Amino acid sequence: MAIQRMDNVGIVVEDMDAAVAFFVELGMELEGRGEVQGGFADQCTGLDGVHCDIAMLRTPDGHSQLELAKYRSPAAISAGPRNRPHNIVGTHRVMFAVDDIKDTVARLRPHGAELVGEIARFEDVYLLCYLRGPEGIIVGLAEQLR
């Protein structure tokens, strides 16, 4: 049996409101917010006493979702500095296709976004960049040129 689809990407955050604002400004749509707790959450995560706030966001095309989670208990554990370099083993980045990369970067700056490198051109096909958003999350942006 093959997978049906990728359902969502989950990211643990400390400042839920800042993270939601960042991804809404990027162009995602907030589907809803809620709380998760109880036996099923403990079973699924392998943790005891899970209680977290979640926010579900979706891309405008409706095909991809992002789940943000803020743990009330057990407390979230820091994975190290938030300005970690791009080549750390584990989650690499979340990439989004955008209409106008320069405009998107400008709109995200007031929400704490900082370019990791520069906006780069890949041949005559894409403009690409990585930026660091809330919680140190690296977000990739790609603007197709043709």
# chains A, B, ... in the order shown; residues from 1 in each chain; ligands from 1

$ select_by_dssp --residues "range 44-95 of chain A" --states "strand (DSSP E or B)" --output "list in words"
His51, Cys52, Asp53, Ile54, Ala55, Met56, Leu57, Arg58, Gln65, Leu66, Glu67, Leu68, Ala69, Lys70, Tyr71, Arg72, Ser73, Val94 and Met95 of chain A

$ closest_atom_pairs --of "range 63-103 of chain A" --to "range 22-45 of chain A" --cutoff "12 Å" --atoms "only C-alpha atoms" --output "CSV"
residue,atom,partner,partner_atom,distance
A:His63,CA,A:Met28,CA,11.3
A:Ser64,CA,A:Met28,CA,9.6
A:Gln65,CA,A:Met28,CA,8.6
A:Leu66,CA,A:Met28,CA,8.8
A:Glu67,CA,A:Arg33,CA,9.7
A:Leu68,CA,A:Arg33,CA,9.3
A:Ala69,CA,A:Glu35,CA,9.1
A:Lys70,CA,A:Glu35,CA,9.4
A:Tyr71,CA,A:Val36,CA,9.4
A:Arg72,CA,A:Glu35,CA,9.8
A:Ser73,CA,A:Gln37,CA,9.3
A:Pro74,CA,A:Asp42,CA,10.3
A:Val94,CA,A:Phe23,CA,11.3
A:Met95,CA,A:Leu26,CA,11.5
A:Phe96,CA,A:Leu26,CA,9.0
A:Ala97,CA,A:Leu26,CA,10.4
A:Val98,CA,A:Leu26,CA,8.8
A:Asp99,CA,A:Gly27,CA,10.6
A:Asp100,CA,A:Leu26,CA,11.1
A:Ile101,CA,A:Leu26,CA,10.5
A:Asp103,CA,A:Leu26,CA,10.2

$ closest_residue --among "A:Arg146, A:Ala106, A:Gly140, A:Gly112" --to "Tyr126 in chain A" --atoms "only C-alpha atoms"
A:Arg146

$ residues_around --residues "Cys129 in chain A" --least-positions-apart "6" --cutoff "10 Å" --atoms "only C-alpha atoms" --output "PDB file with N, CA and C atoms, in the first residue's frame"
ATOM      1  N   MET A  95       9.416  24.697   2.672  1.00  0.00           N
ATOM      2  CA  MET A  95       9.532  25.508   1.452  1.00  0.00           C
ATOM      3  C   MET A  95       8.148  25.865   0.926  1.00  0.00           C
ATOM      4  N   ILE A 101       8.927  36.996  -4.518  1.00  0.00           N
ATOM      5  CA  ILE A 101       9.804  36.688  -3.386  1.00  0.00           C
ATOM      6  C   ILE A 101      10.236  37.941  -2.627  1.00  0.00           C
ATOM      7  N   LYS A 102      10.552  39.018  -3.347  1.00  0.00           N
ATOM      8  CA  LYS A 102      11.008  40.243  -2.684  1.00  0.00           C
ATOM      9  C   LYS A 102       9.892  40.866  -1.851  1.00  0.00           C
ATOM     10  N   VAL A 105       9.361  38.658   1.329  1.00  0.00           N
ATOM     11  CA  VAL A 105      10.390  38.912   2.347  1.00  0.00           C
ATOM     12  C   VAL A 105      10.108  40.241   3.053  1.00  0.00           C
ATOM     13  N   LEU A 115      16.725  37.164   6.433  1.00  0.00           N
ATOM     14  CA  LEU A 115      17.335  36.300   5.430  1.00  0.00           C
ATOM     15  C   LEU A 115      18.489  35.531   6.051  1.00  0.00           C
ATOM     16  N   VAL A 116      18.586  34.242   5.735  1.00  0.00           N
ATOM     17  CA  VAL A 116      19.701  33.423   6.193  1.00  0.00           C
ATOM     18  C   VAL A 116      20.919  33.726   5.326  1.00  0.00           C
ATOM     19  N   GLY A 117      20.708  33.850   4.035  1.00  0.00           N
ATOM     20  CA  GLY A 117      21.762  34.207   3.078  1.00  0.00           C
ATOM     21  C   GLY A 117      21.255  35.382   2.261  1.00  0.00           C
ATOM     22  N   GLU A 118      21.097  35.156   0.979  1.00  0.00           N
ATOM     23  CA  GLU A 118      20.584  36.174   0.068  1.00  0.00           C
ATOM     24  C   GLU A 118      19.534  35.551  -0.835  1.00  0.00           C
ATOM     25  N   ILE A 119      18.796  36.391  -1.530  1.00  0.00           N
ATOM     26  CA  ILE A 119      17.911  35.892  -2.583  1.00  0.00           C
ATOM     27  C   ILE A 119      18.813  35.508  -3.752  1.00  0.00           C
ATOM     28  N   ALA A 120      18.723  34.267  -4.185  1.00  0.00           N
ATOM     29  CA  ALA A 120      19.611  33.743  -5.225  1.00  0.00           C
ATOM     30  C   ALA A 120      18.803  33.342  -6.457  1.00  0.00           C
ATOM     31  N   ARG A 121      19.434  33.467  -7.598  1.00  0.00           N
ATOM     32  CA  ARG A 121      18.814  33.067  -8.862  1.00  0.00           C
ATOM     33  C   ARG A 121      19.370  31.714  -9.274  1.00  0.00           C
ATOM     34  N   VAL A 139      12.452  28.953   6.782  1.00  0.00           N
ATOM     35  CA  VAL A 139      11.429  28.868   5.750  1.00  0.00           C
ATOM     36  C   VAL A 139      12.090  29.167   4.414  1.00  0.00           C
ATOM     37  N   GLY A 140      11.856  28.310   3.443  1.00  0.00           N
ATOM     38  CA  GLY A 140      12.355  28.531   2.097  1.00  0.00           C
ATOM     39  C   GLY A 140      11.271  29.158   1.255  1.00  0.00           C
ATOM     40  N   LEU A 141      11.673  30.071   0.380  1.00  0.00           N
ATOM     41  CA  LEU A 141      10.737  30.695  -0.561  1.00  0.00           C
ATOM     42  C   LEU A 141      11.271  30.480  -1.978  1.00  0.00           C
ATOM     43  N   ALA A 142      10.374  30.155  -2.893  1.00  0.00           N
ATOM     44  CA  ALA A 142      10.756  29.942  -4.287  1.00  0.00           C
ATOM     45  C   ALA A 142       9.777  30.682  -5.195  1.00  0.00           C
ATOM     46  N   GLU A 143      10.323  31.534  -6.058  1.00  0.00           N
ATOM     47  CA  GLU A 143       9.515  32.225  -7.062  1.00  0.00           C
ATOM     48  C   GLU A 143       9.920  31.676  -8.420  1.00  0.00           C
TER      49      GLU A 143
END

$ select_by_dssp --residues "chain A" --states "alpha helix (DSSP H)" --output "PyMOL selection string"
chain A and resi 16-26+39-45+101-108

$ atom_distance --atom1 "CA of Ile138 in chain A" --atom2 "CA of Ile11 in chain A"
11.1 Å

$ atom_distance --atom1 "CA of Asp48 in chain A" --atom2 "CA of Arg5 in chain A"
29.1 Å

$ atom_distance --atom1 "CA of Arg84 in chain A" --atom2 "CA of Val13 in chain A"
15.6 Å

$ decode --residues "range 89-116 of chain A" --atoms "N, CA, C and O atoms" --output "PDB file, in the first residue's frame"
ATOM      1  N   VAL A  89      21.571  18.322  11.260  1.00  0.00           N
ATOM      2  CA  VAL A  89      20.823  17.106  10.964  1.00  0.00           C
ATOM      3  C   VAL A  89      19.429  17.217  11.572  1.00  0.00           C
ATOM      4  O   VAL A  89      19.261  17.665  12.696  1.00  0.00           O
ATOM      5  N   GLY A  90      18.431  16.825  10.820  1.00  0.00           N
ATOM      6  CA  GLY A  90      17.049  16.867  11.277  1.00  0.00           C
ATOM      7  C   GLY A  90      16.227  17.715  10.330  1.00  0.00           C
ATOM      8  O   GLY A  90      16.525  17.812   9.138  1.00  0.00           O
ATOM      9  N   THR A  91      15.204  18.338  10.856  1.00  0.00           N
ATOM     10  CA  THR A  91      14.343  19.159  10.014  1.00  0.00           C
ATOM     11  C   THR A  91      15.168  20.238   9.337  1.00  0.00           C
ATOM     12  O   THR A  91      15.855  21.012   9.987  1.00  0.00           O
ATOM     13  N   HIS A  92      15.056  20.289   8.042  1.00  0.00           N
ATOM     14  CA  HIS A  92      15.866  21.184   7.219  1.00  0.00           C
ATOM     15  C   HIS A  92      15.185  22.545   7.083  1.00  0.00           C
ATOM     16  O   HIS A  92      15.713  23.555   7.504  1.00  0.00           O
ATOM     17  N   ARG A  93      14.009  22.553   6.514  1.00  0.00           N
ATOM     18  CA  ARG A  93      13.241  23.776   6.308  1.00  0.00           C
ATOM     19  C   ARG A  93      11.884  23.403   5.749  1.00  0.00           C
ATOM     20  O   ARG A  93      11.660  22.287   5.313  1.00  0.00           O
ATOM     21  N   VAL A  94      10.971  24.356   5.726  1.00  0.00           N
ATOM     22  CA  VAL A  94       9.678  24.220   5.065  1.00  0.00           C
ATOM     23  C   VAL A  94       9.729  25.177   3.884  1.00  0.00           C
ATOM     24  O   VAL A  94      10.066  26.348   4.047  1.00  0.00           O
ATOM     25  N   MET A  95       9.416  24.697   2.672  1.00  0.00           N
ATOM     26  CA  MET A  95       9.532  25.508   1.452  1.00  0.00           C
ATOM     27  C   MET A  95       8.148  25.865   0.926  1.00  0.00           C
ATOM     28  O   MET A  95       7.248  25.031   0.907  1.00  0.00           O
ATOM     29  N   PHE A  96       8.013  27.138   0.513  1.00  0.00           N
ATOM     30  CA  PHE A  96       6.758  27.617  -0.056  1.00  0.00           C
ATOM     31  C   PHE A  96       7.019  28.254  -1.417  1.00  0.00           C
ATOM     32  O   PHE A  96       8.000  28.978  -1.589  1.00  0.00           O
ATOM     33  N   ALA A  97       6.140  27.991  -2.366  1.00  0.00           N
ATOM     34  CA  ALA A  97       6.168  28.681  -3.651  1.00  0.00           C
ATOM     35  C   ALA A  97       5.423  30.000  -3.470  1.00  0.00           C
ATOM     36  O   ALA A  97       4.333  30.023  -2.880  1.00  0.00           O
ATOM     37  N   VAL A  98       6.013  31.092  -3.946  1.00  0.00           N
ATOM     38  CA  VAL A  98       5.403  32.419  -3.803  1.00  0.00           C
ATOM     39  C   VAL A  98       5.374  33.122  -5.154  1.00  0.00           C
ATOM     40  O   VAL A  98       6.132  32.783  -6.063  1.00  0.00           O
ATOM     41  N   ASP A  99       4.496  34.117  -5.275  1.00  0.00           N
ATOM     42  CA  ASP A  99       4.384  34.890  -6.512  1.00  0.00           C
ATOM     43  C   ASP A  99       5.507  35.907  -6.655  1.00  0.00           C
ATOM     44  O   ASP A  99       6.000  36.136  -7.746  1.00  0.00           O
ATOM     45  N   ASP A 100       5.867  36.553  -5.546  1.00  0.00           N
ATOM     46  CA  ASP A 100       6.848  37.644  -5.574  1.00  0.00           C
ATOM     47  C   ASP A 100       7.730  37.519  -4.340  1.00  0.00           C
ATOM     48  O   ASP A 100       7.330  37.892  -3.241  1.00  0.00           O
ATOM     49  N   ILE A 101       8.927  36.996  -4.518  1.00  0.00           N
ATOM     50  CA  ILE A 101       9.804  36.688  -3.386  1.00  0.00           C
ATOM     51  C   ILE A 101      10.236  37.941  -2.627  1.00  0.00           C
ATOM     52  O   ILE A 101      10.257  37.962  -1.398  1.00  0.00           O
ATOM     53  N   LYS A 102      10.552  39.018  -3.347  1.00  0.00           N
ATOM     54  CA  LYS A 102      11.008  40.243  -2.684  1.00  0.00           C
ATOM     55  C   LYS A 102       9.892  40.866  -1.851  1.00  0.00           C
ATOM     56  O   LYS A 102      10.117  41.315  -0.730  1.00  0.00           O
ATOM     57  N   ASP A 103       8.685  40.879  -2.384  1.00  0.00           N
ATOM     58  CA  ASP A 103       7.538  41.399  -1.636  1.00  0.00           C
ATOM     59  C   ASP A 103       7.262  40.534  -0.410  1.00  0.00           C
ATOM     60  O   ASP A 103       6.985  41.059   0.680  1.00  0.00           O
ATOM     61  N   THR A 104       7.347  39.220  -0.572  1.00  0.00           N
ATOM     62  CA  THR A 104       7.084  38.312   0.547  1.00  0.00           C
ATOM     63  C   THR A 104       8.092  38.536   1.672  1.00  0.00           C
ATOM     64  O   THR A 104       7.710  38.619   2.842  1.00  0.00           O
ATOM     65  N   VAL A 105       9.361  38.658   1.329  1.00  0.00           N
ATOM     66  CA  VAL A 105      10.390  38.912   2.347  1.00  0.00           C
ATOM     67  C   VAL A 105      10.108  40.241   3.053  1.00  0.00           C
ATOM     68  O   VAL A 105      10.158  40.328   4.281  1.00  0.00           O
ATOM     69  N   ALA A 106       9.761  41.266   2.288  1.00  0.00           N
ATOM     70  CA  ALA A 106       9.470  42.583   2.881  1.00  0.00           C
ATOM     71  C   ALA A 106       8.272  42.512   3.834  1.00  0.00           C
ATOM     72  O   ALA A 106       8.297  43.128   4.909  1.00  0.00           O
ATOM     73  N   ARG A 107       7.236  41.768   3.479  1.00  0.00           N
ATOM     74  CA  ARG A 107       6.055  41.645   4.337  1.00  0.00           C
ATOM     75  C   ARG A 107       6.333  40.862   5.607  1.00  0.00           C
ATOM     76  O   ARG A 107       5.719  41.091   6.650  1.00  0.00           O
ATOM     77  N   LEU A 108       7.301  39.911   5.534  1.00  0.00           N
ATOM     78  CA  LEU A 108       7.603  39.070   6.688  1.00  0.00           C
ATOM     79  C   LEU A 108       8.613  39.695   7.649  1.00  0.00           C
ATOM     80  O   LEU A 108       8.676  39.309   8.816  1.00  0.00           O
ATOM     81  N   ARG A 109       9.372  40.674   7.186  1.00  0.00           N
ATOM     82  CA  ARG A 109      10.372  41.309   8.065  1.00  0.00           C
ATOM     83  C   ARG A 109       9.756  41.872   9.341  1.00  0.00           C
ATOM     84  O   ARG A 109      10.320  41.685  10.426  1.00  0.00           O
ATOM     85  N   PRO A 110       8.604  42.582   9.289  1.00  0.00           N
ATOM     86  CA  PRO A 110       8.022  43.083  10.539  1.00  0.00           C
ATOM     87  C   PRO A 110       7.591  41.970  11.503  1.00  0.00           C
ATOM     88  O   PRO A 110       7.344  42.216  12.675  1.00  0.00           O
ATOM     89  N   HIS A 111       7.531  40.727  11.006  1.00  0.00           N
ATOM     90  CA  HIS A 111       7.179  39.580  11.846  1.00  0.00           C
ATOM     91  C   HIS A 111       8.427  38.827  12.291  1.00  0.00           C
ATOM     92  O   HIS A 111       8.350  37.673  12.712  1.00  0.00           O
ATOM     93  N   GLY A 112       9.591  39.472  12.166  1.00  0.00           N
ATOM     94  CA  GLY A 112      10.833  38.897  12.659  1.00  0.00           C
ATOM     95  C   GLY A 112      11.646  38.123  11.644  1.00  0.00           C
ATOM     96  O   GLY A 112      12.684  37.560  11.984  1.00  0.00           O
ATOM     97  N   ALA A 113      11.212  38.061  10.396  1.00  0.00           N
ATOM     98  CA  ALA A 113      11.942  37.295   9.389  1.00  0.00           C
ATOM     99  C   ALA A 113      13.270  37.963   9.044  1.00  0.00           C
ATOM    100  O   ALA A 113      13.337  39.176   8.893  1.00  0.00           O
ATOM    101  N   GLU A 114      14.302  37.139   8.955  1.00  0.00           N
ATOM    102  CA  GLU A 114      15.625  37.602   8.548  1.00  0.00           C
ATOM    103  C   GLU A 114      16.167  36.633   7.512  1.00  0.00           C
ATOM    104  O   GLU A 114      16.087  35.414   7.694  1.00  0.00           O
ATOM    105  N   LEU A 115      16.725  37.164   6.433  1.00  0.00           N
ATOM    106  CA  LEU A 115      17.335  36.300   5.430  1.00  0.00           C
ATOM    107  C   LEU A 115      18.489  35.531   6.051  1.00  0.00           C
ATOM    108  O   LEU A 115      19.280  36.096   6.802  1.00  0.00           O
ATOM    109  N   VAL A 116      18.586  34.242   5.735  1.00  0.00           N
ATOM    110  CA  VAL A 116      19.701  33.423   6.193  1.00  0.00           C
ATOM    111  C   VAL A 116      20.919  33.726   5.326  1.00  0.00           C
ATOM    112  O   VAL A 116      22.029  33.840   5.816  1.00  0.00           O
TER     113      VAL A 116
END
